[in-house]
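**Student:** Below is the structure I would like to discuss, written out as structure tokens.
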Amino acid sequence: MMPRWMLPIVATLMLGTSISAHAATIQITMENLVIAPAETSARVGDTIEWVNKDIFAHTATARNGDWDVTMPPKKTVTLVLRKAGTIDYYCRFHPNMKAALSVAP
Amino acid sequence: MFVRVSAAIAAVSLLSSAALAQGAKPTDPQIAHIAYTAGVIDIAAAKQALTKSGNKEVKAFAEDMVRDHEAVNKQALALVKKLNVTPEDNDTSRTLSKNAADKLAELGKLKGAEFDKAYVANEVAYHKAVDSALETTLIPNANNAELKSLLQTGLKIFQGHEQHAEHVAASLK
């Protein structure tokens with residue numbers, strides 16, 4: 001057992017690592033005109049990596065106007081999430097492509 | 001109005017019937033030529049719309065057509081090169097090109113909202129015709145797996161174009 005006085009220090013250290021561990025990178029693919037997964041959960045500070053596997057250009061466009069990311073054919077584009085909320089998004093070029101992203105604070 | 005509708009119907013029936021007319025099944029080099037030609041035609045129509053239309057929605061649609069059809073055709077060219085296939089001109093391609101040239105000339109005489117409506121109506125009809133030709137003739141007869149797969153991708157994206165064109169057409173009424 002560690003001395004009682006060390007507990008806050010250990011707790012602080014653990015907190016520090018847990019914060020950085022939470023800044024995850026989450027992949028979402030756009031392939032054959034489908035966004036997968038259709039629903040993704042993330043946290044503020046996480047990075048979304050949209051991987052466009054199609055020969056077509058796509059966008060990830062938030063319906064609430066928060067972001068609008070354009071991805072050229074066969075390219076990967078990243079976005080760091082700055083705001084919490086549940087965001088429905090779609091591809092402006094191919095509006096049948098729809099998905100949702102839940103961003104926890 | 002009647003003329004425009006019947007012309008659209010003629011265009012729809014023409015593509016599928018012409019592709020089927022010869023009785024002989026189209027070969028891969030012919031299929032590649034037909035698919036490529038169909039793309040070139042829609043790009044030309046979209047470029048005409050981009051110079052003539054002042055409607056934001058119509059222009060955005062036309063930009064989508066240029067972007068997507070160029071992407072498919074770029075992939076088609078890369079594929080025929082890889083397979084060492086020379087696309088082969090044929091009656092269906094010739095009929096398509098001839099009709100498209102007539103349509104460009106016809107639309108070229110229209111202006112403003114009249115042009116927008118005629119362009120979008122033709123896009124609905126044209127994509128219907130192309131989708132039906134892909135489904136009933138081109139995809140089933142394609143021998144090469146990669147060609148077939150590209151045509152299937154084409155069908156999926158063109159079905160989206162057809163819906164998009166219908167949506168724009170409804171907004172112009």
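Convention: chains lettered A, B, ... in structure tokens order; per-chain residue numbering from 1; ligands numbered from 1 as shown.
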Give me, as number ranges by chain, all polymer residues having an atom no more than 10 Å from Thr76 of chain A, counting only C-alpha atoms and skipping those fewer than 2 positions away in the same chain.
**Tutor:** A: 27-30, 49-53, 70-74, 78
**Student:** The selected residues should be written to file as a PDB file, in the first residue's frame (atoms: C-alpha atoms).
**Tutor:**
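Below you can see part_38.pdb, which holds the result:
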```pdb
ATOM      1  CA  GLN A  27     -12.227   6.712 -38.381  1.00  0.00           C
ATOM      2  CA  ILE A  28     -15.347   7.018 -40.487  1.00  0.00           C
ATOM      3  CA  THR A  29     -15.266   5.699 -44.038  1.00  0.00           C
ATOM      4  CA  MET A  30     -17.079   6.829 -47.136  1.00  0.00           C
ATOM      5  CA  GLU A  49     -10.692  10.953 -39.700  1.00  0.00           C
ATOM      6  CA  TRP A  50     -12.955  10.678 -42.707  1.00  0.00           C
ATOM      7  CA  VAL A  51     -11.527   8.169 -45.163  1.00  0.00           C
ATOM      8  CA  ASN A  52     -12.907   8.631 -48.660  1.00  0.00           C
ATOM      9  CA  LYS A  53     -12.398   5.335 -50.495  1.00  0.00           C
ATOM     10  CA  THR A  70     -14.602  18.453 -48.319  1.00  0.00           C
ATOM     11  CA  MET A  71     -12.702  15.281 -49.126  1.00  0.00           C
ATOM     12  CA  PRO A  72     -11.206  14.685 -52.577  1.00  0.00           C
ATOM     13  CA  PRO A  73     -11.406  11.181 -54.098  1.00  0.00           C
ATOM     14  CA  LYS A  74      -9.280   8.564 -52.302  1.00  0.00           C
ATOM     15  CA  THR A  78      -9.377  15.120 -40.385  1.00  0.00           C
TER      16      THR A  78
END
```
**Student:** Go through chain A residue by residue and, counting only C-alpha atoms, keep those with an atom at most 12 Å from chain B; for each kept residue give the shortest atom pair and its distance in Å to one decimal, ordered by chain and increasing number, as a tab-separated table.
**Tutor:**
```
residue	atom	partner	partner_atom	distance
A:Glu31	CA	B:Thr153	CA	10.5
A:Asn32	CA	B:Thr153	CA	7.0
A:Leu33	CA	B:Ile157	CA	7.6
A:Val34	CA	B:Lys156	CA	10.7
A:Asp54	CA	B:Thr153	CA	9.5
A:Ile55	CA	B:Ala71	CA	6.2
A:Phe56	CA	B:Ala71	CA	6.0
A:Ala57	CA	B:Arg67	CA	7.7
A:His58	CA	B:Asp68	CA	10.1
A:Pro72	CA	B:Arg67	CA	10.7
A:Pro73	CA	B:Ala71	CA	8.6
A:Lys74	CA	B:Ala71	CA	11.3
A:Cys91	CA	B:Asp64	CA	11.5
A:Arg92	CA	B:Asp64	CA	9.3
A:Phe93	CA	B:Asp64	CA	6.1
A:His94	CA	B:Gly160	CA	6.9
A:Pro95	CA	B:Gly160	CA	8.2
A:Asn96	CA	B:Gly160	CA	7.2
A:Met97	CA	B:Gly160	CA	9.8
```
**Student:** Store the residues picked out above, limited to N, CA and C atoms, as a PDB file, in the first residue's frame.
**Tutor:**
```pdb
ATOM      1  N   GLU A  31     -17.515   4.908 -48.511  1.00  0.00           N
ATOM      2  CA  GLU A  31     -17.192   3.921 -49.535  1.00  0.00           C
ATOM      3  C   GLU A  31     -18.449   3.495 -50.258  1.00  0.00           C
ATOM      4  N   ASN A  32     -18.335   3.485 -51.573  1.00  0.00           N
ATOM      5  CA  ASN A  32     -19.467   3.103 -52.411  1.00  0.00           C
ATOM      6  C   ASN A  32     -20.727   3.898 -52.041  1.00  0.00           C
ATOM      7  N   LEU A  33     -20.523   5.184 -51.802  1.00  0.00           N
ATOM      8  CA  LEU A  33     -21.606   6.128 -51.518  1.00  0.00           C
ATOM      9  C   LEU A  33     -22.344   5.839 -50.216  1.00  0.00           C
ATOM     10  N   VAL A  34     -21.631   5.228 -49.262  1.00  0.00           N
ATOM     11  CA  VAL A  34     -22.221   4.971 -47.944  1.00  0.00           C
ATOM     12  C   VAL A  34     -21.247   5.462 -46.874  1.00  0.00           C
ATOM     13  N   ASP A  54     -13.856   6.321 -52.164  1.00  0.00           N
ATOM     14  CA  ASP A  54     -14.510   6.388 -53.476  1.00  0.00           C
ATOM     15  C   ASP A  54     -13.680   7.154 -54.503  1.00  0.00           C
ATOM     16  N   ILE A  55     -14.091   6.986 -55.774  1.00  0.00           N
ATOM     17  CA  ILE A  55     -13.454   7.770 -56.838  1.00  0.00           C
ATOM     18  C   ILE A  55     -14.124   9.144 -56.938  1.00  0.00           C
ATOM     19  N   PHE A  56     -15.141   9.364 -56.099  1.00  0.00           N
ATOM     20  CA  PHE A  56     -15.870  10.644 -56.121  1.00  0.00           C
ATOM     21  C   PHE A  56     -15.452  11.521 -54.950  1.00  0.00           C
ATOM     22  N   ALA A  57     -15.552  12.828 -55.157  1.00  0.00           N
ATOM     23  CA  ALA A  57     -15.356  13.754 -54.047  1.00  0.00           C
ATOM     24  C   ALA A  57     -16.601  13.698 -53.164  1.00  0.00           C
ATOM     25  N   HIS A  58     -16.403  13.803 -51.858  1.00  0.00           N
ATOM     26  CA  HIS A  58     -17.525  13.841 -50.922  1.00  0.00           C
ATOM     27  C   HIS A  58     -17.352  15.014 -49.968  1.00  0.00           C
ATOM     28  N   PRO A  72     -11.431  15.092 -51.192  1.00  0.00           N
ATOM     29  CA  PRO A  72     -11.206  14.685 -52.577  1.00  0.00           C
ATOM     30  C   PRO A  72     -11.242  13.159 -52.689  1.00  0.00           C
ATOM     31  N   PRO A  73     -11.377  12.629 -53.914  1.00  0.00           N
ATOM     32  CA  PRO A  73     -11.406  11.181 -54.098  1.00  0.00           C
ATOM     33  C   PRO A  73     -10.166  10.520 -53.486  1.00  0.00           C
ATOM     34  N   LYS A  74     -10.376   9.386 -52.835  1.00  0.00           N
ATOM     35  CA  LYS A  74      -9.280   8.564 -52.302  1.00  0.00           C
ATOM     36  C   LYS A  74      -8.388   9.316 -51.315  1.00  0.00           C
ATOM     37  N   CYS A  91     -23.523  14.346 -47.222  1.00  0.00           N
ATOM     38  CA  CYS A  91     -22.641  14.784 -48.302  1.00  0.00           C
ATOM     39  C   CYS A  91     -23.437  15.722 -49.200  1.00  0.00           C
ATOM     40  N   ARG A  92     -22.947  16.937 -49.358  1.00  0.00           N
ATOM     41  CA  ARG A  92     -23.659  17.923 -50.189  1.00  0.00           C
ATOM     42  C   ARG A  92     -23.757  17.471 -51.644  1.00  0.00           C
ATOM     43  N   PHE A  93     -22.739  16.710 -52.101  1.00  0.00           N
ATOM     44  CA  PHE A  93     -22.736  16.282 -53.503  1.00  0.00           C
ATOM     45  C   PHE A  93     -23.654  15.087 -53.720  1.00  0.00           C
ATOM     46  N   HIS A  94     -23.800  14.254 -52.676  1.00  0.00           N
ATOM     47  CA  HIS A  94     -24.619  13.032 -52.776  1.00  0.00           C
ATOM     48  C   HIS A  94     -25.500  12.968 -51.544  1.00  0.00           C
ATOM     49  N   PRO A  95     -26.609  13.722 -51.555  1.00  0.00           N
ATOM     50  CA  PRO A  95     -27.393  13.911 -50.319  1.00  0.00           C
ATOM     51  C   PRO A  95     -27.988  12.608 -49.751  1.00  0.00           C
ATOM     52  N   ASN A  96     -27.925  11.512 -50.500  1.00  0.00           N
ATOM     53  CA  ASN A  96     -28.373  10.233 -49.932  1.00  0.00           C
ATOM     54  C   ASN A  96     -27.401   9.720 -48.871  1.00  0.00           C
ATOM     55  N   MET A  97     -26.207  10.255 -48.856  1.00  0.00           N
ATOM     56  CA  MET A  97     -25.208   9.826 -47.862  1.00  0.00           C
ATOM     57  C   MET A  97     -25.436  10.634 -46.581  1.00  0.00           C
TER      58      MET A  97
END
```
**Student:** Can you measure atom CA of Ala125 of chain B to atom CA of Leu79 of chain B for me? One decimal in Å is fine.
**Tutor:**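 Result for atom CA of Ala125 of chain B versus atom CA of Leu79 of chain B: 28.0 Å, one decimal.
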**Student:** Could you check which of A:Ser102, A:Thr47, A:Thr25, A:Thr61 is closest to Ala84 of chain A, using only C-alpha atoms?
**Tutor:**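 So, comparing all the options, the nearest one is A:Ser102.
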**Student:** Residues at most 8 Å from Thr86 of chain A, counting only C-alpha atoms, excluding those fewer than 4 positions away in the same chain, as a PyMOL selection string?
**Tutor:** chain A and resi 100-103
**Student:** Tell me, in Å to one decimal, how far atom CA of Val124 of chain B is from atom CA of Ala105 of chain B.
**Tutor:** 18.3 Å
**Student:** At a cut-off of 6 Å, using only C-alpha atoms, what residues contact segment 28-38 of chain B? Leave out same-chain residues fewer than 2 positions from it and give the result as a list in words.
**Tutor:** Pro26, Val40, Ile41, Asn73, Pro87, Glu88, Ser93 and Ala142 of chain B
